[in-house]
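These notes concern the structure reproduced below.
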Amino acid sequence: MHGYGITLHIQMVSKDILRVEEGSLYPALHRMEQDGWVSAEWGISENNRRARYYRLSAKGRKQLAEEEKNWERLTQAVAHVLQFA
Amino acid sequence: MSWITRLRGMFRRERLDQDLDEELRAHLEMRAADNLAAGMSPEQARQEAQKRFGNTALLKEDTREVDIVGWLEEAARDFRHALRMLLRNPGFTVVAVLTLALGIGANTAIFSVINSVLLHPLPYHDPDNLVMVWESNSQHRNPHNTVSPPNFLDWQSRNTVFSSMAFVFDERDNLTGNGEPQEVVVQDVSASFFSLLGVDPIIGPGFTPENGQPGHANVVILSYGLWKERFAGDPAVVGKSILLNGHPETVVGVAPQNFNWFIKDGSLTGAKPQMWSPFVFPQSFHDHKQIGRFMTVVARLHPGATHSQAKTQMNAIAARLEQEYSDFNGHWGVNVVPLRQQISGDLRPALLVLFGAVAFVLLIACANVSSLLLARAASREREMAIRTAIGASRWRIARQLLMESLLLALIGGGIGVALAVWGTNALLAASPRNLLDLRFVSMDLHVLTFALAATLLAGLLFGFLPSYISAHSRISETLKEGGRGSSSANRRAFARNAFVVAQLGLALVLLTGSGLLIRSFVRLIGVDPGFDTGHLLTFKIALPRSKYGTDPLRMAFFQQLLARISAVPGVRSASMESFPPLTGLGAATGVHVLSQPSLALSDLPVANVGVVGPDYFATMSIPLRVGRLFNAQELAEEKHVTIINQAFADKYLHGVNPLGQKAAIYMKSFAENEIQPSEIIGVVGDVHQIGLDTSPEPTVYWPHPELVMSGMTILVRTSNDPLAMVSAVRNELQQIDPELPMAAVAPMDQLLADSLSRSRFTMLLLGIFAAVALVLAAVGIYGLIAYSVTQRTQELGIRIALGAQRRDVLRLVLGQGTRLTLLGVTVGVLAGLGFARLLSTLLFGVSATDPLTFACVAALLGLVGLAACYIPARRATRVDPIVALRYE
């Protein structure tokens with residue numbers, strides 16, 4: 001998926017609640033690429049433009065699983081706190 | 001892993017930039033196309049896409065920085081930018097760089113000396129386990145007293161903390177054969193001396209344990225210097241025989257070049273050794289009654305034994321020896337001193353004070369540069385505000401300013417190290433002989449590391465505050481107010497004021513330090529040595545026992561020599577003494593005045609013993625106070641007479657008429673029944689024997705026949721320059737005995753100057769540093785006031801336009817300077833009172849809190865501070881109101 005596609009995808013999936021700023025998207029993508037969590041290659045987009053496509057690598061998947069677990073723990077914790085609120 | 005990607009990135013920098021551009025452009029276009037599809041006009045579609053994107057340049061910069069290439073590039077850009085800024089303000093740059101170079105250079109120079117004297121490893125095996133063992137007397141308060149051989153033997157047999165102990169004592173011997181006769185300093189040592197230190201000769205087998213046995217000790221090791229000078233560095237000298245005092249000795253080795261065992265306390269010759277020879281104790285050395293204290297002792301701790309264990313055990317042994325031989329060891333204890341402490345002991349306080357002083361100079365320099373940067377930051381405030389407005393983060397701005405500071409520091413540090421190389425050489429050239437060993441002071445890796453650390457630290461120190469304040473300024477305020485009166489400007493003004501106060505305070509501490517040293521030096525040279533040092537030539541003669549084995553032979557030689565020298569035209573008189581004054585040496589012993597109650601030997605009052613030749617008191621110009629001087633008969637044969645000095649009469653005779661009193665002087669023997677008491681026939685004036693800073697000690701003088709010594713110092717009073725007489729005097733000596741060398745030839749003035757050299761050296765250096773500090777502090781306050789006058793031009797113009805007089809303006813500007821100066825002086829005086837105490841060991845005859853010094857220094861600093869303010873203040877009075885109002 002290319003950068004623009006990612007912003008659209010997040011916006012759509014989150015039903016317009018989350019919107020990614022381009023200002024933080026690209027530095028983040030490049031940082032993840034440096035860390036080897038995603039790989040990138042040039043391709044042709046739906047409307048025939050050259051665009052840079054990002055793909056999750058094996059290492060990235062592992063990291064994702066890790067982060068998901070962390071997120072789950074965090075949301076659970078928040079949920080518990082809210083129950084007592 | 002990831003750094004490989006980053007490294008790879010370095011080689012495709014160009015493509016990276018292009019790729020990023022293209023990626024972002026694709027994004028923009030896709031968004032614009034979608035917008036268009038959603039029904040916007042093409043213009044609107046593009047604008048909306050761009051707006052969502054925000055600051056493209058910043059985004060690119062942030063994205064690029066993820067890559068090391070980007071990061072390096074940013075750093076390089078900061079660096080280039082910093083360089084441009086420095087080049088654009090050459091005046092500022094030169095002042096800042098020179099200030100830093102001075103501070104860093106002075107620090108590096110002093111550190112290089114400290115490095116070699118206090119930190120450099122000693123050239124012995126495992127030097128931390130080496131200690132000196134001294135005797136110490138609770139009554140005479142000499143912690144480093146030489147050791148008696150019987151006590152050494154007892155220490156050696158009873159201790160379990162040392163793996164080995166060795167003794168050393170030095171003497172001057174005549175080296176003859178192969179070339180001119182030469183007097184050499186020989187250290188008589190235990191056969192185990194070299195193996196204890198862990199030093200092997202560079203050639204030859206060295207001493208073996210067998211050399212410590214009677215009959216096998218006729219071997220020597222040469223010093224590297226003597227080997228090069230006298231034997232032309234010939235390796236074949238090993239195994240050859242040389243003549244020492246007429247006795248043949250076999251050369252068994254040459255010591256390494258850096259081996260130079262010399263412990264000033266306890267050296268009988270006061271000179272570095274040229275040769276070592278094993279010494280076997282004769283029977284008399286086992287008996288306290290027959291031998292005194294004259295050796296130095298070095299020992300190596302057992303592996304695992306600590307210094308404190310050694311101290312404890314040796315104290316216990318000494319306490320037992322004090323009981324067992326109460327006559328000789330009463331009040332005598334032991335003192336164990338680590339070798340490093342022994343060697344650097346004298347220099348340590350002076351070096352640490354100097355190091356503190358240069359650290360202060362560097363701090364003042366940093367404050368100056370920091371203050372300059374603050375002033376400049378104010379004028380660049382709008383530049384920074386604009387950069388912030390277009391997206392530069394605080395860290396980004398602080399980083400760039402810090403880069404400028406570091407660049408300044410590095411240039412300053414580079415020049416500083418060059419200055420230090422030059423300064424260290426100047427330092428060594430100016431340092432007195434024998435104070436620093438030239439060969440060991442050099443710029444090694446430690447020194448360069450220190451210089452780099454000092455540079456970086458200085459850069460961060462003076463760069464931190466200005467960049468912090470700049471990075472935290474509020475941009476809206478800055479842009480509105482045109483750079484004046486903003487909160488960051490207030491913070492800057494406060495910081496600069498604080499810097500000036502700190503600078504003045506630090507400078508005052510240094511000035512009081514150097515003022516105190518100057519005062520004590522003036523006191524020192526004002527001390528009357530007790531004799532006339534001008535036009536007095538001194539040199540040493542040591543008669544070899546082989547040729548001058550009996551007292552009559554020695555007496556005849558010296559009589560003939562003095563008679564011949566006295567007859568030389570240009571010589572007013574000539575005499576001799578065993579231990580001349582101001583050389584730091586003396587021979588002291590117990591004296592019993594017979595009219596006083598008898599005491600154990602170790603409880604007796606102690607006096608120096610001087611053995612003198614004919615006309616001694618006249619030649620030295622020592623005045624006779626009471627009685628008479630030695631007559632011709634007493635100078636020719638033993639008549640049991642003595643002359644005492646005023647200090648002896650005052651301290652030991654308490655107003656009793658000294659003339660006709662008899663005194664037993666325990667010099668030739670320690671056994672009471674063997675001593676023939678001497679009758680006191682006169683009292684002479686006091687002489688400073690050890691040095692001008694030590695008060696005269698009680699002294700008894702004997703004419704030469706009372707104790708015929710083979711080594712004497714000849715004293716020649718000349719009409720003109722004493723050194724011009726040397727060849728004539730040498731000629732007379734060679735007429736009597738061509739084999740005898742003249743050693744340690746020096747005018748007495750020179751010996752006096754040498755004895756003062758350390759005080760003069762420390763005073764000179766601290767004085768230089770204090771002067772530098774004063775100049776830097778003056779520049780600091782001048783810069784501050786000049787800057788504030790420039791900033792207030794408009795205000796001053798209005799005041800003048802409204803009718804303010806020159807006087808009012810002057811008072812206004814000077815008032816600011818005066819407040820700061822007074823505050824700085826107050827802070828400095830308080831700090832100075834604290835720091836001066838550290839100086840007390842270096843002071844003579846003046847208290848560390850001497851009010852006169854503090855008052856003078858405070859006044860001096862105050863005047864300099866005001867003078868520095870006066871220049872810009874006068875400029876302020878000349879402000880033309882018209883010009884000032886048009887100023888913006």
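Ligands are numbered from 1 in the order shown, residues from 1 within each chain, and chains are lettered A, B, ... in the order they appear in the structure tokens.
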
Once you count only C-alpha atoms, which residues of chain A turn out to be within 12 Å of chain B? Could you give them as a tab-separated table (two decimals) with N, CA, C and O atoms, in the first residue's frame?
chain	number	residue	atom	x	y	z
A	2	HIS	N	0.50	2.27	-0.73
A	2	HIS	CA	1.32	3.49	-0.72
A	2	HIS	C	0.84	4.45	0.35
A	2	HIS	O	-0.21	4.26	0.97
A	3	GLY	N	1.64	5.49	0.59
A	3	GLY	CA	1.40	6.40	1.71
A	3	GLY	C	0.00	7.01	1.68
A	3	GLY	O	-0.71	7.01	2.69
A	4	TYR	N	-0.40	7.48	0.50
A	4	TYR	CA	-1.72	8.11	0.39
A	4	TYR	C	-2.80	7.08	0.69
A	4	TYR	O	-3.76	7.36	1.41
A	5	GLY	N	-2.58	5.87	0.14
A	5	GLY	CA	-3.52	4.79	0.39
A	5	GLY	C	-3.66	4.51	1.88
A	5	GLY	O	-4.76	4.26	2.38
A	6	ILE	N	-2.56	4.58	2.60
A	6	ILE	CA	-2.59	4.30	4.03
A	6	ILE	C	-3.46	5.33	4.75
A	6	ILE	O	-4.31	4.98	5.58
A	7	THR	N	-3.28	6.62	4.40
A	7	THR	CA	-4.11	7.65	5.06
A	7	THR	C	-5.59	7.40	4.79
A	7	THR	O	-6.43	7.47	5.69
A	8	LEU	N	-5.90	7.09	3.50
A	8	LEU	CA	-7.31	6.84	3.14
A	8	LEU	C	-7.85	5.63	3.90
A	8	LEU	O	-8.94	5.66	4.46
A	19	ARG	N	-7.53	10.44	11.75
A	19	ARG	CA	-6.97	10.97	10.52
A	19	ARG	C	-5.47	11.14	10.71
A	19	ARG	O	-5.04	11.77	11.68
A	20	VAL	N	-4.71	10.52	9.81
A	20	VAL	CA	-3.25	10.58	9.97
A	20	VAL	C	-2.73	11.83	9.29
A	20	VAL	O	-3.06	12.12	8.15
A	21	GLU	N	-1.91	12.59	10.04
A	21	GLU	CA	-1.27	13.77	9.45
A	21	GLU	C	-0.13	13.32	8.55
A	21	GLU	O	0.69	12.49	8.95
A	22	GLU	N	-0.06	13.89	7.36
A	22	GLU	CA	1.05	13.56	6.48
A	22	GLU	C	2.39	13.90	7.14
A	22	GLU	O	3.40	13.23	6.95
A	23	GLY	N	2.36	14.98	7.97
A	23	GLY	CA	3.59	15.46	8.64
A	23	GLY	C	4.21	14.38	9.52
A	23	GLY	O	5.41	14.38	9.75
A	24	SER	N	3.38	13.48	10.07
A	24	SER	CA	3.99	12.44	10.90
A	24	SER	C	4.04	11.10	10.19
A	24	SER	O	4.81	10.22	10.57
A	25	LEU	N	3.20	10.94	9.12
A	25	LEU	CA	3.15	9.64	8.44
A	25	LEU	C	4.49	9.29	7.79
A	25	LEU	O	5.04	8.21	8.03
A	26	TYR	N	5.01	10.22	6.98
A	26	TYR	CA	6.21	9.87	6.22
A	26	TYR	C	7.44	9.65	7.09
A	26	TYR	O	8.17	8.67	6.90
A	27	PRO	N	7.72	10.54	8.07
A	27	PRO	CA	8.86	10.23	8.96
A	27	PRO	C	8.68	8.86	9.61
A	27	PRO	O	9.64	8.09	9.72
A	28	ALA	N	7.41	8.51	10.00
A	28	ALA	CA	7.18	7.24	10.67
A	28	ALA	C	7.44	6.08	9.71
A	28	ALA	O	8.12	5.10	10.07
A	29	LEU	N	6.92	6.20	8.48
A	29	LEU	CA	7.14	5.13	7.50
A	29	LEU	C	8.64	4.91	7.26
A	29	LEU	O	9.12	3.78	7.24
A	30	HIS	N	9.35	6.04	7.11
A	30	HIS	CA	10.79	5.89	6.82
A	30	HIS	C	11.54	5.31	8.00
A	30	HIS	O	12.49	4.55	7.84
A	31	ARG	N	11.09	5.68	9.22
A	31	ARG	CA	11.75	5.13	10.40
A	31	ARG	C	11.53	3.62	10.46
A	31	ARG	O	12.44	2.85	10.74
A	32	MET	N	10.28	3.21	10.17
A	32	MET	CA	9.98	1.77	10.21
A	32	MET	C	10.78	1.03	9.14
A	32	MET	O	11.23	-0.10	9.35
A	33	GLU	N	11.00	1.72	8.03
A	33	GLU	CA	11.79	1.08	6.97
A	33	GLU	C	13.24	0.90	7.44
A	33	GLU	O	13.85	-0.15	7.26
A	34	GLN	N	13.78	1.96	8.11
A	34	GLN	CA	15.14	1.86	8.63
A	34	GLN	C	15.27	0.70	9.61
A	34	GLN	O	16.28	0.01	9.64
A	35	ASP	N	14.19	0.49	10.41
A	35	ASP	CA	14.25	-0.56	11.41
A	35	ASP	C	13.91	-1.92	10.82
A	35	ASP	O	13.95	-2.93	11.52
A	36	GLY	N	13.56	-1.94	9.55
A	36	GLY	CA	13.32	-3.21	8.88
A	36	GLY	C	11.95	-3.81	9.18
A	36	GLY	O	11.74	-5.01	9.01
A	37	TRP	N	10.99	-2.97	9.66
A	37	TRP	CA	9.66	-3.53	9.95
A	37	TRP	C	8.80	-3.54	8.69
A	37	TRP	O	7.91	-4.36	8.55
A	38	VAL	N	9.10	-2.58	7.79
A	38	VAL	CA	8.39	-2.62	6.50
A	38	VAL	C	9.44	-2.58	5.40
A	38	VAL	O	10.56	-2.11	5.63
A	39	SER	N	9.06	-3.12	4.23
A	39	SER	CA	9.95	-2.97	3.08
A	39	SER	C	9.18	-2.10	2.06
A	39	SER	O	7.95	-2.05	2.08
A	40	ALA	N	9.97	-1.42	1.21
A	40	ALA	CA	9.30	-0.51	0.27
A	40	ALA	C	9.83	-0.74	-1.13
A	40	ALA	O	11.00	-1.06	-1.30
A	41	GLU	N	8.91	-0.62	-2.13
A	41	GLU	CA	9.40	-0.66	-3.52
A	41	GLU	C	8.47	0.19	-4.38
A	41	GLU	O	7.33	0.49	-3.99
A	42	TRP	N	9.02	0.62	-5.50
A	42	TRP	CA	8.24	1.47	-6.39
A	42	TRP	C	7.27	0.61	-7.21
A	42	TRP	O	7.62	-0.48	-7.64
A	43	GLY	N	6.05	1.14	-7.42
A	43	GLY	CA	5.07	0.41	-8.25
A	43	GLY	C	4.18	1.42	-8.97
A	43	GLY	O	4.40	2.63	-8.84
A	44	ILE	N	3.19	0.92	-9.68
A	44	ILE	CA	2.28	1.80	-10.42
A	44	ILE	C	0.93	1.80	-9.70
A	44	ILE	O	0.38	0.74	-9.40
A	45	SER	N	0.39	2.98	-9.44
A	45	SER	CA	-0.87	3.06	-8.69
A	45	SER	C	-2.06	2.81	-9.60
A	45	SER	O	-1.91	2.72	-10.82
A	46	GLU	N	-3.28	2.75	-8.98
A	46	GLU	CA	-4.52	2.45	-9.70
A	46	GLU	C	-4.68	3.40	-10.89
A	46	GLU	O	-5.11	3.01	-11.95
A	47	ASN	N	-4.30	4.72	-10.64
A	47	ASN	CA	-4.48	5.67	-11.74
A	47	ASN	C	-3.16	5.96	-12.47
A	47	ASN	O	-2.86	7.10	-12.78
A	48	ASN	N	-2.34	4.89	-12.59
A	48	ASN	CA	-1.12	4.95	-13.41
A	48	ASN	C	-0.08	5.99	-12.97
A	48	ASN	O	0.52	6.65	-13.77
A	49	ARG	N	0.04	6.16	-11.66
A	49	ARG	CA	1.13	7.02	-11.18
A	49	ARG	C	2.18	6.14	-10.52
A	49	ARG	O	1.87	5.11	-9.94
A	50	ARG	N	3.47	6.63	-10.63
A	50	ARG	CA	4.51	5.90	-9.91
A	50	ARG	C	4.36	6.22	-8.42
A	50	ARG	O	4.28	7.38	-8.02
A	51	ALA	N	4.25	5.18	-7.59
A	51	ALA	CA	4.09	5.42	-6.15
A	51	ALA	C	4.93	4.41	-5.39
A	51	ALA	O	5.29	3.35	-5.92
A	52	ARG	N	5.23	4.77	-4.13
A	52	ARG	CA	6.08	3.90	-3.33
A	52	ARG	C	5.19	3.00	-2.48
A	52	ARG	O	4.35	3.50	-1.72
A	53	TYR	N	5.30	1.68	-2.66
A	53	TYR	CA	4.45	0.73	-1.95
A	53	TYR	C	5.17	0.16	-0.74
A	53	TYR	O	6.33	-0.22	-0.82
A	54	TYR	N	4.47	0.13	0.40
A	54	TYR	CA	5.05	-0.40	1.64
A	54	TYR	C	4.41	-1.73	1.94
A	54	TYR	O	3.22	-1.94	1.71
A	59	LYS	N	9.78	-9.38	10.26
A	59	LYS	CA	10.17	-8.73	11.51
A	59	LYS	C	9.09	-7.75	11.96
A	59	LYS	O	8.81	-7.62	13.16

Could you pull out all residues of chain A with a DSSP call of helix (DSSP H, G or I) and give them as JSON, numbers by chain? {"A": [3, 4, 5, 6, 7, 8, 9, 10, 11, 12, 13, 22, 23, 24, 25, 26, 27, 28, 29, 30, 31, 32, 33, 34, 58, 59, 60, 61, 62, 63, 64, 65, 66, 67, 68, 69, 70, 71, 72, 73, 74, 75, 76, 77, 78, 79, 80, 81, 82, 83]}

Next, write the just-selected residues to a file, as an mmCIF file, in the first residue's frame, keeping C-alpha atoms as the atom set.
data_model
loop_
_atom_site.group_PDB
_atom_site.id
_atom_site.type_symbol
_atom_site.label_atom_id
_atom_site.label_comp_id
_atom_site.auth_asym_id
_atom_site.auth_seq_id
_atom_site.Cartn_x
_atom_site.Cartn_y
_atom_site.Cartn_z
ATOM 1 C CA GLY A 3 1.398 6.400 1.706
ATOM 2 C CA TYR A 4 -1.724 8.106 0.389
ATOM 3 C CA GLY A 5 -3.521 4.791 0.392
ATOM 4 C CA ILE A 6 -2.590 4.297 4.034
ATOM 5 C CA THR A 7 -4.110 7.646 5.062
ATOM 6 C CA LEU A 8 -7.314 6.839 3.141
ATOM 7 C CA HIS A 9 -7.449 3.319 4.568
ATOM 8 C CA ILE A 10 -7.073 4.467 8.168
ATOM 9 C CA GLN A 11 -9.650 7.174 7.669
ATOM 10 C CA MET A 12 -12.108 4.691 6.158
ATOM 11 C CA VAL A 13 -11.586 1.826 8.585
ATOM 12 C CA GLU A 22 1.051 13.563 6.477
ATOM 13 C CA GLY A 23 3.587 15.459 8.638
ATOM 14 C CA SER A 24 3.993 12.439 10.898
ATOM 15 C CA LEU A 25 3.154 9.644 8.435
ATOM 16 C CA TYR A 26 6.208 9.869 6.217
ATOM 17 C CA PRO A 27 8.861 10.225 8.956
ATOM 18 C CA ALA A 28 7.184 7.240 10.666
ATOM 19 C CA LEU A 29 7.145 5.129 7.503
ATOM 20 C CA HIS A 30 10.788 5.886 6.823
ATOM 21 C CA ARG A 31 11.754 5.127 10.397
ATOM 22 C CA MET A 32 9.977 1.769 10.208
ATOM 23 C CA GLU A 33 11.792 1.085 6.969
ATOM 24 C CA GLN A 34 15.145 1.856 8.633
ATOM 25 C CA ALA A 58 8.419 -10.779 8.887
ATOM 26 C CA LYS A 59 10.173 -8.732 11.508
ATOM 27 C CA GLY A 60 7.471 -6.099 11.244
ATOM 28 C CA ARG A 61 4.814 -8.757 11.823
ATOM 29 C CA LYS A 62 6.505 -9.883 14.992
ATOM 30 C CA GLN A 63 6.752 -6.288 16.159
ATOM 31 C CA LEU A 64 3.083 -5.800 15.292
ATOM 32 C CA ALA A 65 2.084 -8.791 17.384
ATOM 33 C CA GLU A 66 4.110 -7.397 20.240
ATOM 34 C CA GLU A 67 2.566 -3.942 19.931
ATOM 35 C CA GLU A 68 -0.934 -5.465 19.677
ATOM 36 C CA LYS A 69 -0.380 -7.321 22.900
ATOM 37 C CA ASN A 70 0.811 -4.125 24.559
ATOM 38 C CA TRP A 71 -2.185 -2.238 23.223
ATOM 39 C CA GLU A 72 -4.557 -4.904 24.444
ATOM 40 C CA ARG A 73 -3.043 -4.780 27.911
ATOM 41 C CA LEU A 74 -3.348 -1.019 27.927
ATOM 42 C CA THR A 75 -6.956 -0.906 26.747
ATOM 43 C CA GLN A 76 -7.903 -3.626 29.211
ATOM 44 C CA ALA A 77 -6.280 -1.688 31.980
ATOM 45 C CA VAL A 78 -8.105 1.465 30.947
ATOM 46 C CA ALA A 79 -11.359 -0.480 30.722
ATOM 47 C CA HIS A 80 -10.879 -1.844 34.250
ATOM 48 C CA VAL A 81 -10.238 1.616 35.576
ATOM 49 C CA LEU A 82 -13.296 2.945 33.820
ATOM 50 C CA GLN A 83 -15.468 0.207 35.332
#

- Assign secondary structure with DSSP using the backbone only, and return the residues of chain A in strand (DSSP E) as a ChimeraX atom specification. /A:38-44,50-56

Write the residues you've just listed into a file as a CSV table (one decimal), in the first residue's frame, and include all heavy atoms for each of them.
chain,number,residue,atom,x,y,z
A,38,VAL,N,9.1,-2.6,7.8
A,38,VAL,CA,8.4,-2.6,6.5
A,38,VAL,C,9.4,-2.6,5.4
A,38,VAL,O,10.6,-2.1,5.6
A,38,VAL,CB,7.4,-1.4,6.3
A,38,VAL,CG1,6.3,-1.4,7.4
A,38,VAL,CG2,8.2,-0.1,6.4
A,39,SER,N,9.1,-3.1,4.2
A,39,SER,CA,9.9,-3.0,3.1
A,39,SER,C,9.2,-2.1,2.1
A,39,SER,O,8.0,-2.0,2.1
A,39,SER,CB,10.3,-4.3,2.5
A,39,SER,OG,9.1,-5.0,2.1
A,40,ALA,N,10.0,-1.4,1.2
A,40,ALA,CA,9.3,-0.5,0.3
A,40,ALA,C,9.8,-0.7,-1.1
A,40,ALA,O,11.0,-1.1,-1.3
A,40,ALA,CB,9.5,0.9,0.7
A,41,GLU,N,8.9,-0.6,-2.1
A,41,GLU,CA,9.4,-0.7,-3.5
A,41,GLU,C,8.5,0.2,-4.4
A,41,GLU,O,7.3,0.5,-4.0
A,41,GLU,CB,9.5,-2.1,-4.0
A,41,GLU,CG,8.2,-2.8,-3.9
A,41,GLU,CD,8.3,-4.3,-4.2
A,41,GLU,OE1,9.5,-4.8,-4.3
A,41,GLU,OE2,7.3,-5.0,-4.5
A,42,TRP,N,9.0,0.6,-5.5
A,42,TRP,CA,8.2,1.5,-6.4
A,42,TRP,C,7.3,0.6,-7.2
A,42,TRP,O,7.6,-0.5,-7.6
A,42,TRP,CB,9.1,2.3,-7.3
A,42,TRP,CG,9.9,3.3,-6.6
A,42,TRP,CD1,11.1,3.3,-6.1
A,42,TRP,CD2,9.3,4.6,-6.3
A,42,TRP,NE1,11.4,4.5,-5.4
A,42,TRP,CE2,10.4,5.3,-5.6
A,42,TRP,CE3,8.1,5.3,-6.5
A,42,TRP,CZ2,10.2,6.6,-5.1
A,42,TRP,CZ3,8.0,6.6,-6.0
A,42,TRP,CH2,9.0,7.2,-5.3
A,43,GLY,N,6.1,1.1,-7.4
A,43,GLY,CA,5.1,0.4,-8.2
A,43,GLY,C,4.2,1.4,-9.0
A,43,GLY,O,4.4,2.6,-8.8
A,44,ILE,N,3.2,0.9,-9.7
A,44,ILE,CA,2.3,1.8,-10.4
A,44,ILE,C,0.9,1.8,-9.7
A,44,ILE,O,0.4,0.7,-9.4
A,44,ILE,CB,2.1,1.3,-11.9
A,44,ILE,CG1,3.5,1.3,-12.6
A,44,ILE,CG2,1.1,2.3,-12.6
A,44,ILE,CD1,4.1,2.6,-12.7
A,50,ARG,N,3.5,6.6,-10.6
A,50,ARG,CA,4.5,5.9,-9.9
A,50,ARG,C,4.4,6.2,-8.4
A,50,ARG,O,4.3,7.4,-8.0
A,50,ARG,CB,5.9,6.4,-10.4
A,50,ARG,CG,6.8,5.2,-10.8
A,50,ARG,CD,8.0,5.8,-11.5
A,50,ARG,NE,9.1,6.2,-10.6
A,50,ARG,CZ,10.0,5.4,-10.1
A,50,ARG,NH1,9.9,4.1,-10.3
A,50,ARG,NH2,10.9,5.9,-9.2
A,51,ALA,N,4.3,5.2,-7.6
A,51,ALA,CA,4.1,5.4,-6.1
A,51,ALA,C,4.9,4.4,-5.4
A,51,ALA,O,5.3,3.3,-5.9
A,51,ALA,CB,2.6,5.3,-5.8
A,52,ARG,N,5.2,4.8,-4.1
A,52,ARG,CA,6.1,3.9,-3.3
A,52,ARG,C,5.2,3.0,-2.5
A,52,ARG,O,4.4,3.5,-1.7
A,52,ARG,CB,7.0,4.7,-2.4
A,52,ARG,CG,8.3,4.1,-2.1
A,52,ARG,CD,9.4,5.1,-1.9
A,52,ARG,NE,10.6,4.4,-1.6
A,52,ARG,CZ,11.1,4.2,-0.4
A,52,ARG,NH1,10.5,4.7,0.7
A,52,ARG,NH2,12.3,3.5,-0.2
A,53,TYR,N,5.3,1.7,-2.7
A,53,TYR,CA,4.4,0.7,-1.9
A,53,TYR,C,5.2,0.2,-0.7
A,53,TYR,O,6.3,-0.2,-0.8
A,53,TYR,CB,4.0,-0.4,-2.9
A,53,TYR,CG,2.9,0.0,-3.8
A,53,TYR,CD1,3.1,0.8,-4.9
A,53,TYR,CD2,1.6,-0.3,-3.5
A,53,TYR,CE1,2.1,1.2,-5.8
A,53,TYR,CE2,0.5,0.1,-4.3
A,53,TYR,CZ,0.8,0.8,-5.4
A,53,TYR,OH,-0.2,1.2,-6.2
A,54,TYR,N,4.5,0.1,0.4
A,54,TYR,CA,5.1,-0.4,1.6
A,54,TYR,C,4.4,-1.7,1.9
A,54,TYR,O,3.2,-1.9,1.7
A,54,TYR,CB,4.8,0.6,2.8
A,54,TYR,CG,5.6,1.9,2.6
A,54,TYR,CD1,5.0,2.9,2.0
A,54,TYR,CD2,6.9,2.0,3.1
A,54,TYR,CE1,5.7,4.1,1.8
A,54,TYR,CE2,7.6,3.2,3.0
A,54,TYR,CZ,7.0,4.2,2.3
A,54,TYR,OH,7.7,5.4,2.1
A,55,ARG,N,5.2,-2.7,2.4
A,55,ARG,CA,4.7,-4.0,2.8
A,55,ARG,C,5.3,-4.4,4.1
A,55,ARG,O,6.5,-4.1,4.4
A,55,ARG,CB,5.2,-5.0,1.7
A,55,ARG,CG,4.7,-6.4,1.9
A,55,ARG,CD,5.5,-7.4,1.0
A,55,ARG,NE,5.7,-6.8,-0.4
A,55,ARG,CZ,4.9,-7.0,-1.4
A,55,ARG,NH1,3.9,-7.9,-1.3
A,55,ARG,NH2,5.1,-6.5,-2.6
A,56,LEU,N,4.5,-5.0,5.0
A,56,LEU,CA,5.0,-5.5,6.3
A,56,LEU,C,5.9,-6.6,6.1
A,56,LEU,O,5.7,-7.6,5.4
A,56,LEU,CB,3.7,-6.0,7.1
A,56,LEU,CG,3.8,-5.8,8.6
A,56,LEU,CD1,4.1,-4.3,9.0
A,56,LEU,CD2,2.5,-6.2,9.2

In Å and to one decimal, atom CA of B:Phe617 is distant from atom CA of B:Gly590 by 23.5 Å

Residues near B:Asn631, cut-off 12 Å, only C-alpha atoms, skip fewer than 3 positions along chain, as a PyMOL selection string:
chain B and resi 613-616+627-628+634-639+641-643+681-682+703

Next item on the list: Can you work out the spacing between atom CA of B:Arg77 and atom CA of B:Phe92 in Å, to one decimal?
Entry: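 Value for the atom CA of B:Arg77-atom CA of B:Phe92 distance: 21.5 Å.
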
Spatial neighbours of stretch 79-89 of chain B, max dist 8 Å, only C-alpha atoms, sep filter under 5 positions, as a tab-separated table (two decimals) with N, CA, C and O atoms, in the first residue's frame:
chain	number	residue	atom	x	y	z
B	400	GLN	N	21.96	24.34	16.72
B	400	GLN	CA	22.79	25.15	15.84
B	400	GLN	C	23.67	26.11	16.63
B	400	GLN	O	24.84	26.30	16.32
B	401	LEU	N	23.10	26.70	17.69
B	401	LEU	CA	23.89	27.62	18.50
B	401	LEU	C	25.01	26.88	19.23
B	401	LEU	O	26.14	27.37	19.34
B	403	MET	N	26.43	24.23	18.16
B	403	MET	CA	27.45	23.92	17.17
B	403	MET	C	28.40	25.09	17.00
B	403	MET	O	29.61	24.91	16.92
B	404	GLU	N	27.84	26.29	17.01
B	404	GLU	CA	28.70	27.47	16.93
B	404	GLU	C	29.66	27.55	18.11
B	404	GLU	O	30.85	27.81	17.96
B	407	LEU	N	32.35	24.90	17.85
B	407	LEU	CA	33.33	25.26	16.82
B	407	LEU	C	34.30	26.30	17.38
B	407	LEU	O	35.53	26.18	17.23
